[in-house]
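Enquirer: Following this line is coords-v3.txt, made up of compact mmCIF, C-alpha atoms:
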```txt
# COMPACT_ATOMS: atom_id res chain seq x y z
CA MET E 1 -27.91 -14.15 23.34
CA GLU E 2 -31.18 -15.59 24.63
CA ASP E 3 -32.33 -12.32 26.25
CA ARG E 4 -32.36 -10.30 23.06
CA GLU E 5 -35.55 -9.27 21.31
CA MET E 6 -36.93 -11.96 19.00
CA MET E 7 -39.72 -11.45 16.51
CA LEU E 8 -41.79 -14.55 17.30
CA LYS E 9 -41.48 -14.38 21.06
CA GLY E 10 -44.87 -15.26 22.54
CA VAL E 11 -45.91 -17.47 19.62
CA LYS E 12 -46.65 -21.00 20.85
CA ILE E 13 -46.46 -23.93 18.43
CA ILE E 14 -47.34 -27.55 19.18
CA ASP E 15 -45.37 -29.86 16.91
CA PHE E 16 -46.54 -33.37 15.96
CA THR E 17 -44.19 -33.70 13.01
CA LEU E 18 -41.77 -36.44 11.94
CA ASN E 19 -38.75 -36.87 9.69
CA ILE E 20 -37.65 -33.72 7.80
CA ALA E 21 -40.37 -31.65 6.10
CA GLY E 22 -42.53 -31.01 9.15
CA PRO E 23 -39.78 -30.55 11.73
CA THR E 24 -37.94 -27.98 9.59
CA ALA E 25 -41.09 -25.85 9.36
CA SER E 26 -41.42 -25.41 13.11
CA ALA E 27 -37.64 -25.27 13.60
CA LEU E 28 -37.55 -22.14 11.45
CA ALA E 29 -39.93 -20.51 13.92
CA THR E 30 -37.60 -21.25 16.83
CA ASP E 31 -34.83 -19.29 15.10
CA TYR E 32 -36.90 -16.18 15.69
CA GLY E 33 -38.08 -16.90 19.21
CA ALA E 34 -41.24 -19.00 18.95
CA THR E 35 -41.87 -21.57 21.67
CA VAL E 36 -42.18 -24.97 20.01
CA ILE E 37 -43.24 -28.01 22.03
CA LYS E 38 -42.52 -31.20 20.13
CA VAL E 39 -44.83 -34.07 21.03
CA GLU E 40 -42.98 -37.37 20.53
CA SER E 41 -43.67 -41.05 20.99
CA GLN E 42 -41.57 -43.14 23.36
CA THR E 43 -39.27 -44.04 20.46
CA GLY E 44 -39.04 -40.44 19.29
CA ASP E 45 -39.02 -38.79 15.89
CA PRO E 46 -37.25 -41.08 13.36
CA CYS E 47 -35.16 -38.04 12.45
CA ARG E 48 -33.24 -38.61 15.68
CA GLY E 49 -31.63 -41.58 14.00
CA TYR E 50 -30.58 -39.87 10.76
CA ALA E 51 -26.90 -39.42 9.86
CA PRO E 52 -24.40 -37.89 10.40
CA TYR E 53 -23.64 -39.18 13.88
CA ILE E 54 -21.73 -37.71 16.78
CA ASP E 55 -21.49 -39.87 19.90
CA GLY E 56 -23.94 -42.20 18.15
CA LYS E 57 -26.59 -39.47 17.96
CA GLY E 58 -28.15 -38.41 14.65
CA MET E 59 -27.24 -34.81 13.99
CA SER E 60 -29.93 -34.26 11.35
CA HIS E 61 -32.21 -34.05 14.39
CA ALA E 62 -30.00 -31.38 15.94
CA TRP E 63 -30.81 -29.10 13.01
CA ALA E 64 -34.38 -30.16 12.14
CA ASN E 65 -35.54 -29.93 15.76
CA ARG E 66 -33.38 -27.08 16.97
CA GLY E 67 -34.74 -24.82 19.64
CA LYS E 68 -37.69 -27.04 20.58
CA GLN E 69 -38.88 -28.56 23.81
CA SER E 70 -39.56 -32.31 23.78
CA VAL E 71 -42.39 -34.02 25.62
CA VAL E 72 -43.02 -37.76 25.37
CA VAL E 73 -46.72 -38.60 25.12
CA ASN E 74 -48.52 -41.82 24.25
CA LEU E 75 -51.30 -40.73 21.92
CA LYS E 76 -52.98 -44.14 22.26
CA ASP E 77 -53.46 -43.42 25.95
CA PRO E 78 -56.48 -41.18 26.76
CA ARG E 79 -54.25 -39.28 29.18
CA GLY E 80 -51.95 -38.47 26.27
CA VAL E 81 -54.77 -37.00 24.22
CA GLU E 82 -55.84 -34.98 27.26
CA VAL E 83 -52.29 -33.63 27.65
CA CYS E 84 -52.27 -32.58 24.00
CA LYS E 85 -55.62 -30.83 24.24
CA LYS E 86 -54.37 -28.88 27.25
CA LEU E 87 -51.26 -27.87 25.31
CA ILE E 88 -53.34 -26.81 22.33
CA ALA E 89 -55.89 -24.81 24.32
CA ASP E 90 -53.73 -21.69 24.34
CA ALA E 91 -51.48 -22.44 21.36
CA ASP E 92 -51.22 -20.30 18.25
CA VAL E 93 -50.18 -23.06 15.86
CA LEU E 94 -50.29 -26.83 15.54
CA VAL E 95 -48.09 -28.53 12.93
CA GLU E 96 -48.48 -32.20 12.04
CA SER E 97 -47.10 -34.47 9.35
CA PHE E 98 -48.92 -37.76 9.82
CA ARG E 99 -50.69 -39.46 6.94
CA PRO E 100 -54.10 -37.78 6.43
CA GLY E 101 -56.66 -39.06 8.93
CA VAL E 102 -54.23 -40.13 11.66
CA MET E 103 -54.73 -37.05 13.82
CA GLU E 104 -58.51 -37.45 13.52
CA ARG E 105 -58.23 -41.03 14.78
CA PHE E 106 -56.34 -39.74 17.81
CA GLY E 107 -59.16 -37.27 18.44
CA LEU E 108 -56.90 -34.36 17.48
CA GLY E 109 -58.28 -33.37 14.08
CA TYR E 110 -58.79 -29.73 13.11
CA ASP E 111 -62.57 -29.78 13.43
CA THR E 112 -62.26 -31.02 17.01
CA LEU E 113 -59.49 -28.68 18.08
CA LYS E 114 -60.93 -25.50 16.59
CA GLU E 115 -63.82 -25.90 19.02
CA ILE E 116 -61.30 -25.87 21.86
CA ASN E 117 -59.22 -23.05 20.36
CA PRO E 118 -60.86 -20.99 17.57
CA LYS E 119 -57.67 -19.02 16.90
CA LEU E 120 -55.66 -22.20 16.22
CA ILE E 121 -53.67 -22.33 12.99
CA TYR E 122 -53.52 -26.03 12.12
CA CYS E 123 -50.89 -26.88 9.49
CA SER E 124 -50.89 -30.36 7.95
CA ILE E 125 -47.81 -31.36 5.95
CA SER E 126 -48.05 -34.46 3.77
CA ALA E 127 -46.58 -35.93 0.61
CA PHE E 128 -49.60 -35.49 -1.64
CA GLY E 129 -52.21 -33.35 0.13
CA GLN E 130 -55.03 -34.10 2.56
CA THR E 131 -57.51 -35.39 -0.03
CA GLY E 132 -57.47 -37.07 -3.43
CA PRO E 133 -56.50 -40.45 -4.89
CA TYR E 134 -52.94 -40.37 -3.51
CA ALA E 135 -53.77 -39.03 -0.05
CA GLN E 136 -53.41 -42.39 1.70
CA LYS E 137 -50.27 -43.48 -0.14
CA PRO E 138 -47.11 -43.52 1.94
CA GLY E 139 -44.93 -40.74 0.59
CA TYR E 140 -41.34 -39.51 0.70
CA ASP E 141 -39.19 -36.74 -0.72
CA LEU E 142 -38.20 -38.70 -3.82
CA MET E 143 -41.85 -39.32 -4.68
CA GLY E 144 -42.58 -35.60 -4.41
CA GLN E 145 -39.74 -34.91 -6.84
CA ALA E 146 -41.03 -37.58 -9.22
CA ILE E 147 -44.76 -36.80 -9.33
CA SER E 148 -44.12 -33.07 -9.67
CA GLY E 149 -42.02 -33.61 -12.80
CA MET E 150 -38.84 -32.25 -11.21
CA ILE E 151 -36.90 -35.46 -11.84
CA SER E 152 -37.98 -35.52 -15.48
CA VAL E 153 -36.05 -32.32 -16.25
CA THR E 154 -32.88 -33.26 -14.36
CA GLY E 155 -30.01 -35.33 -15.74
CA GLU E 156 -27.55 -35.60 -18.59
CA LYS E 157 -28.67 -34.58 -22.04
CA GLY E 158 -30.09 -37.62 -23.80
CA GLY E 159 -29.79 -39.65 -20.61
CA ARG E 160 -32.14 -40.92 -17.97
CA PRO E 161 -33.68 -38.49 -15.48
CA LEU E 162 -32.00 -38.15 -12.07
CA GLN E 163 -33.20 -37.19 -8.62
CA HIS E 164 -31.85 -34.05 -6.98
CA GLY E 165 -28.78 -34.47 -4.80
CA VAL E 166 -30.54 -33.23 -1.63
CA SER E 167 -34.00 -33.82 -0.15
CA LEU E 168 -35.38 -30.89 -2.08
CA ALA E 169 -39.08 -31.72 -1.69
CA ASP E 170 -38.78 -32.16 2.07
CA PHE E 171 -36.79 -29.02 2.73
CA PHE E 172 -38.89 -26.80 0.49
CA ALA E 173 -42.09 -28.15 2.04
CA GLY E 174 -40.71 -27.06 5.41
CA VAL E 175 -39.98 -23.55 4.14
CA ASN E 176 -43.33 -23.46 2.35
CA ALA E 177 -45.17 -24.47 5.53
CA TYR E 178 -43.30 -21.87 7.57
CA ALA E 179 -44.25 -19.15 5.09
CA ALA E 180 -47.89 -20.27 5.17
CA ILE E 181 -47.95 -20.30 8.97
CA ALA E 182 -46.37 -16.83 9.15
CA THR E 183 -49.00 -15.54 6.72
CA ALA E 184 -51.82 -17.12 8.72
CA LEU E 185 -50.40 -15.60 11.92
CA ILE E 186 -50.79 -12.12 10.45
CA TYR E 187 -54.46 -12.88 9.69
CA GLN E 188 -54.92 -14.46 13.12
CA ARG E 189 -53.51 -11.39 14.85
CA ALA E 190 -55.83 -9.12 12.86
CA THR E 191 -59.04 -11.18 13.19
CA GLY E 192 -58.58 -13.68 16.00
CA LYS E 193 -59.40 -16.46 13.55
CA GLY E 194 -57.44 -19.63 12.93
CA GLN E 195 -57.62 -21.91 9.91
CA HIS E 196 -56.41 -25.18 8.42
CA ILE E 197 -53.36 -25.15 6.13
CA ASP E 198 -52.68 -28.01 3.72
CA VAL E 199 -49.04 -28.17 2.53
CA SER E 200 -47.75 -31.02 0.38
CA LEU E 201 -44.41 -32.04 -1.03
CA ILE E 202 -45.70 -32.26 -4.58
CA GLN E 203 -47.29 -28.80 -4.44
CA GLY E 204 -43.98 -27.26 -3.43
CA MET E 205 -42.11 -29.09 -6.17
CA ILE E 206 -44.69 -28.06 -8.78
CA TYR E 207 -44.23 -24.47 -7.59
CA LEU E 208 -40.50 -24.81 -8.35
CA ASN E 209 -41.00 -26.66 -11.64
CA SER E 210 -40.86 -23.70 -14.04
CA PRO E 211 -40.66 -25.95 -17.15
CA ILE E 212 -44.39 -26.54 -16.69
CA ASP E 213 -44.84 -23.11 -18.28
CA ARG E 214 -43.32 -24.48 -21.50
CA LEU E 215 -46.46 -26.52 -22.02
CA ASN E 216 -48.04 -23.29 -23.24
CA VAL E 217 -45.96 -23.60 -26.40
CA GLY E 218 -46.27 -27.37 -26.65
CA LEU E 219 -42.82 -28.17 -25.25
CA ILE E 220 -42.12 -31.01 -22.82
CA VAL E 221 -38.72 -30.19 -21.30
CA LYS E 222 -36.26 -33.07 -21.00
CA PRO E 223 -32.93 -33.31 -19.17
CA ASN E 224 -30.30 -31.03 -20.69
CA GLY E 225 -27.28 -31.93 -18.61
CA ARG E 226 -25.13 -29.11 -17.34
CA HIS E 227 -26.75 -26.37 -19.44
CA HIS E 228 -30.08 -24.57 -19.22
CA PRO E 229 -32.46 -25.90 -21.89
CA ALA E 230 -33.74 -22.46 -22.89
CA GLN E 231 -30.86 -20.05 -22.18
CA ALA E 232 -27.32 -19.90 -23.54
CA PRO E 233 -24.64 -19.55 -22.46
CA PHE E 234 -25.97 -20.54 -19.08
CA GLY E 235 -24.45 -23.56 -17.40
CA CYS E 236 -21.35 -25.44 -16.28
CA PHE E 237 -18.32 -25.17 -18.56
CA TYR E 238 -15.25 -27.41 -18.30
CA ASN E 239 -11.66 -27.02 -19.40
CA ASP E 240 -9.44 -29.88 -20.59
CA LYS E 241 -8.15 -30.36 -17.04
CA GLY E 242 -11.59 -31.28 -15.71
CA GLU E 243 -12.00 -27.97 -13.87
CA ALA E 244 -15.34 -26.20 -14.11
CA VAL E 245 -16.85 -22.73 -14.00
CA VAL E 246 -20.47 -21.64 -14.08
CA ILE E 247 -21.12 -18.92 -16.65
CA CYS E 248 -24.46 -17.08 -16.82
CA ALA E 249 -24.18 -14.73 -19.78
CA HIS E 250 -27.33 -15.42 -21.74
CA THR E 251 -28.67 -11.90 -22.31
CA GLY E 252 -27.72 -8.28 -22.89
CA ARG E 253 -24.66 -6.84 -21.18
CA PRO E 254 -23.40 -10.14 -19.71
CA TRP E 255 -23.31 -11.69 -23.20
CA GLU E 256 -21.53 -8.65 -24.62
CA ASN E 257 -19.03 -8.72 -21.76
CA LEU E 258 -18.32 -12.40 -22.36
CA THR E 259 -17.51 -11.76 -26.02
CA LYS E 260 -15.14 -8.99 -24.92
CA ALA E 261 -13.44 -11.24 -22.39
CA MET E 262 -13.01 -13.87 -25.09
CA GLU E 263 -11.91 -11.25 -27.65
CA ARG E 264 -14.59 -12.59 -29.95
CA PRO E 265 -16.58 -9.58 -31.26
CA ASP E 266 -17.60 -11.74 -34.24
CA LEU E 267 -19.98 -13.67 -31.96
CA LEU E 268 -22.13 -10.54 -31.64
CA THR E 269 -22.80 -10.47 -35.38
CA ASP E 270 -22.77 -14.18 -36.20
CA GLU E 271 -26.37 -15.06 -37.03
CA LYS E 272 -26.05 -18.27 -35.01
CA PHE E 273 -25.25 -16.40 -31.79
CA ALA E 274 -26.35 -12.78 -32.21
CA GLU E 275 -29.83 -13.24 -30.74
CA PHE E 276 -31.08 -14.91 -27.54
CA ARG E 277 -33.11 -17.51 -29.43
CA THR E 278 -30.38 -18.36 -31.90
CA ARG E 279 -27.83 -18.81 -29.13
CA THR E 280 -30.15 -21.31 -27.49
CA ALA E 281 -30.77 -23.11 -30.78
CA ASN E 282 -27.02 -23.41 -31.34
CA GLN E 283 -26.13 -24.09 -27.73
CA ASP E 284 -23.91 -27.13 -28.36
CA GLU E 285 -21.67 -25.22 -30.76
CA LEU E 286 -21.47 -22.26 -28.42
CA VAL E 287 -20.46 -24.50 -25.52
CA THR E 288 -17.66 -25.95 -27.64
CA ILE E 289 -16.39 -22.45 -28.48
CA ILE E 290 -16.41 -21.32 -24.83
CA GLU E 291 -14.73 -24.47 -23.54
CA ALA E 292 -12.03 -24.19 -26.21
CA TRP E 293 -11.41 -20.67 -24.92
CA LEU E 294 -11.17 -21.94 -21.35
CA ASN E 295 -8.48 -24.36 -22.48
CA THR E 296 -6.22 -21.41 -23.37
CA PHE E 297 -5.76 -20.65 -19.65
CA PRO E 298 -3.33 -22.50 -17.39
CA ASN E 299 -6.17 -23.25 -14.95
CA ILE E 300 -9.78 -22.36 -14.25
CA ASP E 301 -8.81 -19.72 -11.68
CA ALA E 302 -7.06 -17.73 -14.39
CA ALA E 303 -10.15 -17.96 -16.58
CA ILE E 304 -12.33 -16.83 -13.68
CA ALA E 305 -10.06 -13.84 -13.10
CA ARG E 306 -10.52 -12.87 -16.77
CA LEU E 307 -14.31 -13.26 -16.53
CA ASP E 308 -14.36 -11.17 -13.35
CA GLU E 309 -12.28 -8.48 -15.06
CA PHE E 310 -15.04 -8.09 -17.64
CA ASP E 311 -17.91 -8.39 -15.13
CA VAL E 312 -19.20 -11.66 -16.58
CA PRO E 313 -21.50 -13.51 -14.11
CA ASN E 314 -19.52 -16.60 -13.11
CA CYS E 315 -18.40 -18.72 -10.18
CA LYS E 316 -16.73 -21.94 -9.21
CA ILE E 317 -18.71 -25.07 -8.37
CA ASN E 318 -18.11 -25.59 -4.66
CA ASN E 319 -18.19 -28.92 -2.93
CA THR E 320 -19.48 -28.87 0.65
CA GLN E 321 -16.01 -28.25 2.09
CA ASP E 322 -15.50 -25.42 -0.38
CA VAL E 323 -18.77 -23.89 0.82
CA LEU E 324 -17.40 -23.79 4.35
CA ASN E 325 -14.25 -21.99 3.14
CA ASP E 326 -15.88 -19.72 0.58
CA PRO E 327 -15.00 -16.09 1.44
CA GLN E 328 -18.52 -14.80 0.74
CA VAL E 329 -20.14 -17.53 2.81
CA LYS E 330 -17.73 -16.85 5.66
CA HIS E 331 -18.27 -13.09 5.45
CA MET E 332 -22.06 -13.42 5.57
CA GLY E 333 -22.07 -16.10 8.26
CA TYR E 334 -24.29 -18.49 6.34
CA VAL E 335 -22.66 -21.53 7.98
CA VAL E 336 -22.54 -21.46 11.76
CA GLU E 337 -21.35 -23.32 14.84
CA ALA E 338 -24.49 -24.37 16.72
CA PRO E 339 -24.78 -26.00 20.16
CA THR E 340 -25.07 -29.79 20.24
CA PRO E 341 -27.91 -31.50 22.15
CA ASP E 342 -27.19 -32.42 25.76
CA ASP E 343 -26.73 -36.11 24.92
CA VAL E 344 -23.74 -35.26 22.71
CA THR E 345 -20.82 -34.98 25.11
CA SER E 346 -17.69 -35.16 22.94
CA GLN E 347 -18.15 -31.67 21.47
CA ASP E 348 -20.10 -28.57 22.37
CA THR E 349 -20.90 -27.36 18.85
CA TYR E 350 -21.40 -28.68 15.34
CA ILE E 351 -21.18 -27.12 11.87
CA THR E 352 -24.56 -26.44 10.30
CA ARG E 353 -26.65 -24.06 8.23
CA GLY E 354 -27.62 -20.75 9.73
CA PRO E 355 -31.04 -19.04 9.75
CA ASN E 356 -32.82 -18.56 6.43
CA ALA E 357 -32.44 -14.76 6.32
CA LEU E 358 -30.51 -11.92 7.94
CA PHE E 359 -32.45 -9.28 9.88
CA SER E 360 -30.81 -6.02 10.91
CA GLU E 361 -32.75 -5.54 14.15
CA THR E 362 -33.90 -9.00 15.23
CA PRO E 363 -31.54 -11.67 13.88
CA GLY E 364 -32.27 -15.36 14.16
CA TYR E 365 -30.23 -17.91 16.05
CA ILE E 366 -29.78 -21.68 15.70
CA HIS E 367 -30.70 -23.05 19.12
CA LYS E 368 -29.99 -26.37 20.79
CA ALA E 369 -32.22 -29.37 19.99
CA PRO E 370 -33.76 -31.29 22.90
CA THR E 371 -33.04 -34.81 24.04
CA LEU E 372 -36.05 -37.13 23.86
CA GLY E 373 -38.52 -36.17 26.58
CA GLN E 374 -36.16 -33.57 28.03
CA ASN E 375 -39.02 -31.23 28.96
CA SER E 376 -41.74 -33.74 29.84
CA ARG E 377 -41.70 -33.16 33.59
CA GLU E 378 -41.79 -29.37 33.47
CA ILE E 379 -44.52 -29.34 30.82
CA PHE E 380 -46.72 -31.78 32.72
CA GLU E 381 -46.27 -29.70 35.86
CA GLU E 382 -47.08 -26.47 33.99
CA LEU E 383 -50.30 -28.07 32.75
CA GLY E 384 -51.39 -28.52 36.38
CA TYR E 385 -50.95 -32.26 36.87
CA SER E 386 -50.31 -33.47 40.39
CA ALA E 387 -46.95 -34.88 41.41
CA GLU E 388 -48.46 -38.36 41.43
CA GLU E 389 -49.92 -37.92 37.94
CA VAL E 390 -46.64 -36.56 36.60
CA GLU E 391 -44.66 -39.50 37.97
CA SER E 392 -47.19 -41.95 36.56
CA MET E 393 -47.00 -40.49 33.05
CA LEU E 394 -43.22 -40.23 33.16
CA SER E 395 -43.03 -43.89 34.17
CA ASP E 396 -45.62 -45.18 31.71
CA TRP E 397 -44.28 -43.16 28.78
CA ALA E 398 -40.57 -43.43 29.48
CA PRO E 399 -38.43 -42.92 26.33
CA LYS E 400 -37.21 -46.12 24.68
CA ARG E 401 -34.55 -44.66 22.42
```
Starting from the coordinates I provided, produce the structure as structure tokens.
Expert:
Amino acid sequence: MEDREMMLKGVKIIDFTLNIAGPTASALATDYGATVIKVESQTGDPCRGYAPYIDGKGMSHAWANRGKQSVVVNLKDPRGVEVCKKLIADADVLVESFRPGVMERFGLGYDTLKEINPKLIYCSISAFGQTGPYAQKPGYDLMGQAISGMISVTGEKGGRPLQHGVSLADFFAGVNAYAAIATALIYQRATGKGQHIDVSLIQGMIYLNSPIDRLNVGLIVKPNGRHHPAQAPFGCFYNDKGEAVVICAHTGRPWENLTKAMERPDLLTDEKFAEFRTRTANQDELVTIIEAWLNTFPNIDAAIARLDEFDVPNCKINNTQDVLNDPQVKHMGYVVEAPTPDDVTSQDTYITRGPNALFSETPGYIHKAPTLGQNSREIFEELGYSAEEVESMLSDWAPKR
């Protein structure tokens, strides 16, 4: 498994990230063979303590820091800064997620390090961006969702806005940073030049917030519950048993197929539903009609079979256990068994999400995450420190977790 060809083999990344957004960016690179050295404090990345737990160990870390090497370094110790500069001297990428200005105070800012390594791609991940009035505010995923407007469009119709059910801002920032780094690597390989990349949680959420485009027609989008505010029928439909199906039949052939499945050709000529815009304007009435039709079936599975028969875009709403058992998910291998870190002894693998894409020639692989400081000795030795110096640093910077 480990000997196969991997696309990012030879790419060296030094990781100073914490929590979720930053670590997931560099973890993605390990799936495709990059060498990622994670620089941690003696207490380690807080992500190591995030649920769920196996043997008392936070398994969010097992996914967010998969495939990395861990070295414990005290950045307040001049020796620690020296270690980092040696690591960075031949690195391709540095990723950090401290509050803006922290790396500069350590003597590890971009302007300093580009003099040591002109090809260095230096990616900073923050809540709000490296400059501006919010730059020094402490920031978290929920704040990225809020400032970007994403929360304002989520929730029940007529109700109060709601946050997303997962850490959307964090995870997308990680993917966004990975994409930016991969793009910069292409330029680096062509020109030999590095650069600074500024990725923020709010920028990623604004990128996803398509309702911003509605401002062009003077519309401020508000929560619309389980249905799309500008497309119909397009949402979650319930029967009288509380079972649900997603139906996406808002345009063209899907809409025609839905009317055939319902045996309601009159909907194609009714002025309230004949056109895209009128269906949206009369969405509430259309939802009532569709849900009344769903009630004619003994269960939602029977309704889904009818929708499938007429090629209407639809699906069930899976809970997380359903995802694991979903035949398409199982067929594609989107959920995998990955190796647990060495400090988890009760089981060898855990259930987690697989790589972000499938490649025919060079597939990715979810690797094992390191224990805190697991690679400190070998890395110090590779950097040329004497046995006495290595023992001194290992003793002075011993992990405290």
Enquirer: Using all atoms listed in the file, which residue out of E:His61, E:His250, E:Lys9, E:Arg66 lies closest to Asp45 (chain E)?
Expert: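 Residue with the minimum atom-to-atom distance to Asp45 (chain E): E:His61.
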Enquirer: Just how far from CA of Phe128 (chain E) is CA of Leu201 (chain E), in Å to one decimal?
Expert: 6.3 Å
Enquirer: Excluding Ile125 (chain E) and its own-chain neighbours fewer than 4 positions away, which residues fall within 10 Å of it when counting all atoms listed in the file? Please give them as a ChimeraX atom specification.
Expert: /E:17-18,21-23,25,95-100,129-130,170,173-174,176-177,197-201
Enquirer: Which residues, written as a PDB file with C-alpha atoms, in the coordinates of the input, have at least one atom at most 12 Å from Arg353 (chain E), with only C-alpha atoms counted and residues fewer than 6 positions away on the same chain left out?
Expert:
```pdb
ATOM      1  CA  LEU E  28     -37.550 -22.140  11.450  1.00  0.00           C
ATOM      2  CA  ASP E  31     -34.830 -19.290  15.100  1.00  0.00           C
ATOM      3  CA  SER E  60     -29.930 -34.260  11.350  1.00  0.00           C
ATOM      4  CA  ALA E  62     -30.000 -31.380  15.940  1.00  0.00           C
ATOM      5  CA  TRP E  63     -30.810 -29.100  13.010  1.00  0.00           C
ATOM      6  CA  ALA E  64     -34.380 -30.160  12.140  1.00  0.00           C
ATOM      7  CA  ARG E  66     -33.380 -27.080  16.970  1.00  0.00           C
ATOM      8  CA  THR E 320     -19.480 -28.870   0.650  1.00  0.00           C
ATOM      9  CA  VAL E 323     -18.770 -23.890   0.820  1.00  0.00           C
ATOM     10  CA  LEU E 324     -17.400 -23.790   4.350  1.00  0.00           C
ATOM     11  CA  VAL E 329     -20.140 -17.530   2.810  1.00  0.00           C
ATOM     12  CA  LYS E 330     -17.730 -16.850   5.660  1.00  0.00           C
ATOM     13  CA  MET E 332     -22.060 -13.420   5.570  1.00  0.00           C
ATOM     14  CA  GLY E 333     -22.070 -16.100   8.260  1.00  0.00           C
ATOM     15  CA  TYR E 334     -24.290 -18.490   6.340  1.00  0.00           C
ATOM     16  CA  VAL E 335     -22.660 -21.530   7.980  1.00  0.00           C
ATOM     17  CA  VAL E 336     -22.540 -21.460  11.760  1.00  0.00           C
ATOM     18  CA  GLU E 337     -21.350 -23.320  14.840  1.00  0.00           C
ATOM     19  CA  ALA E 338     -24.490 -24.370  16.720  1.00  0.00           C
ATOM     20  CA  GLY E 364     -32.270 -15.360  14.160  1.00  0.00           C
ATOM     21  CA  TYR E 365     -30.230 -17.910  16.050  1.00  0.00           C
ATOM     22  CA  ILE E 366     -29.780 -21.680  15.700  1.00  0.00           C
ATOM     23  CA  HIS E 367     -30.700 -23.050  19.120  1.00  0.00           C
TER      24      HIS E 367
END
```
Enquirer: May I ask which of the residues E:Lys68, E:Pro370, E:Ile147, E:Phe234 is the closest one to Asn209 (chain E), counting all atoms listed in the file?
Expert: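 So, comparing all the options, the nearest one is E:Ile147.
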Enquirer: Residues within 12 Å of Gly80 (chain E), please, as a CSV table (one decimal) with C-alpha atoms, in the coordinates of the input. Count all atoms listed in the file; anything in the same chain fewer than 3 positions from it doesn't count.
Expert:
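Written output follows (result03.csv):
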```csv
chain,number,residue,atom,x,y,z
E,39,VAL,CA,-44.8,-34.1,21.0
E,40,GLU,CA,-43.0,-37.4,20.5
E,41,SER,CA,-43.7,-41.0,21.0
E,42,GLN,CA,-41.6,-43.1,23.4
E,71,VAL,CA,-42.4,-34.0,25.6
E,72,VAL,CA,-43.0,-37.8,25.4
E,73,VAL,CA,-46.7,-38.6,25.1
E,74,ASN,CA,-48.5,-41.8,24.2
E,75,LEU,CA,-51.3,-40.7,21.9
E,76,LYS,CA,-53.0,-44.1,22.3
E,77,ASP,CA,-53.5,-43.4,26.0
E,83,VAL,CA,-52.3,-33.6,27.6
E,84,CYS,CA,-52.3,-32.6,24.0
E,85,LYS,CA,-55.6,-30.8,24.2
E,86,LYS,CA,-54.4,-28.9,27.2
E,87,LEU,CA,-51.3,-27.9,25.3
E,106,PHE,CA,-56.3,-39.7,17.8
E,107,GLY,CA,-59.2,-37.3,18.4
E,108,LEU,CA,-56.9,-34.4,17.5
E,376,SER,CA,-41.7,-33.7,29.8
E,380,PHE,CA,-46.7,-31.8,32.7
E,389,GLU,CA,-49.9,-37.9,37.9
E,390,VAL,CA,-46.6,-36.6,36.6
E,392,SER,CA,-47.2,-42.0,36.6
E,393,MET,CA,-47.0,-40.5,33.0
E,394,LEU,CA,-43.2,-40.2,33.2
E,396,ASP,CA,-45.6,-45.2,31.7
E,397,TRP,CA,-44.3,-43.2,28.8
```
Enquirer: With distances taken over only C-alpha atoms, which residue among E:Gln231, E:Thr154, E:Ser395, E:Ser167 lies nearest Ile247 (chain E)?
Expert: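 Closest to Ile247 (chain E) of all the choices is E:Gln231.
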Enquirer: Tell me which protein, DNA and RNA residues are within 12 Å of Ile13 (chain E), counting all atoms listed in the file, leaving out same-chain ones fewer than 3 positions away, and put them as JSON, numbers by chain.
Expert: {"E": [8, 9, 10, 16, 17, 23, 25, 26, 27, 28, 29, 30, 33, 34, 35, 36, 37, 38, 39, 67, 68, 69, 84, 87, 88, 89, 90, 91, 92, 93, 94, 95, 96, 120, 121, 122, 123, 178, 181, 182, 185]}
Enquirer: Calculated over only C-alpha atoms, which of the candidates E:Gly354, E:Pro233, E:Pro298, E:Pro399 has the smallest distance to Gly373 (chain E)?
Expert: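 Checking each candidate against Gly373 (chain E), we get E:Pro399 as the closest.
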Enquirer: With only C-alpha atoms as the basis for distance, which of E:Arg48, E:Lys316, E:Arg253, E:Lys222 is at the shortest distance from Ala303 (chain E)?
Expert: E:Lys316
Enquirer: Could you tell me, as a list in words, which residues have any atom at most 10 Å from (-17.0, -28.5, 17.8), counting all atoms listed in the file?
Expert: Glu337, Ala338, Pro339, Thr340, Ser346, Gln347, Asp348, Thr349, Tyr350 and Ile351 of chain E
Enquirer: Can I get the selected residues back with C-alpha atoms, as a compact mmCIF listing (two decimals), in the frame of the given file?
Expert:
```
# COMPACT_ATOMS: atom_id res chain seq x y z
CA GLU E 337 -21.35 -23.32 14.84
CA ALA E 338 -24.49 -24.37 16.72
CA PRO E 339 -24.78 -26.00 20.16
CA THR E 340 -25.07 -29.79 20.24
CA SER E 346 -17.69 -35.16 22.94
CA GLN E 347 -18.15 -31.67 21.47
CA ASP E 348 -20.10 -28.57 22.37
CA THR E 349 -20.90 -27.36 18.85
CA TYR E 350 -21.40 -28.68 15.34
CA ILE E 351 -21.18 -27.12 11.87
```
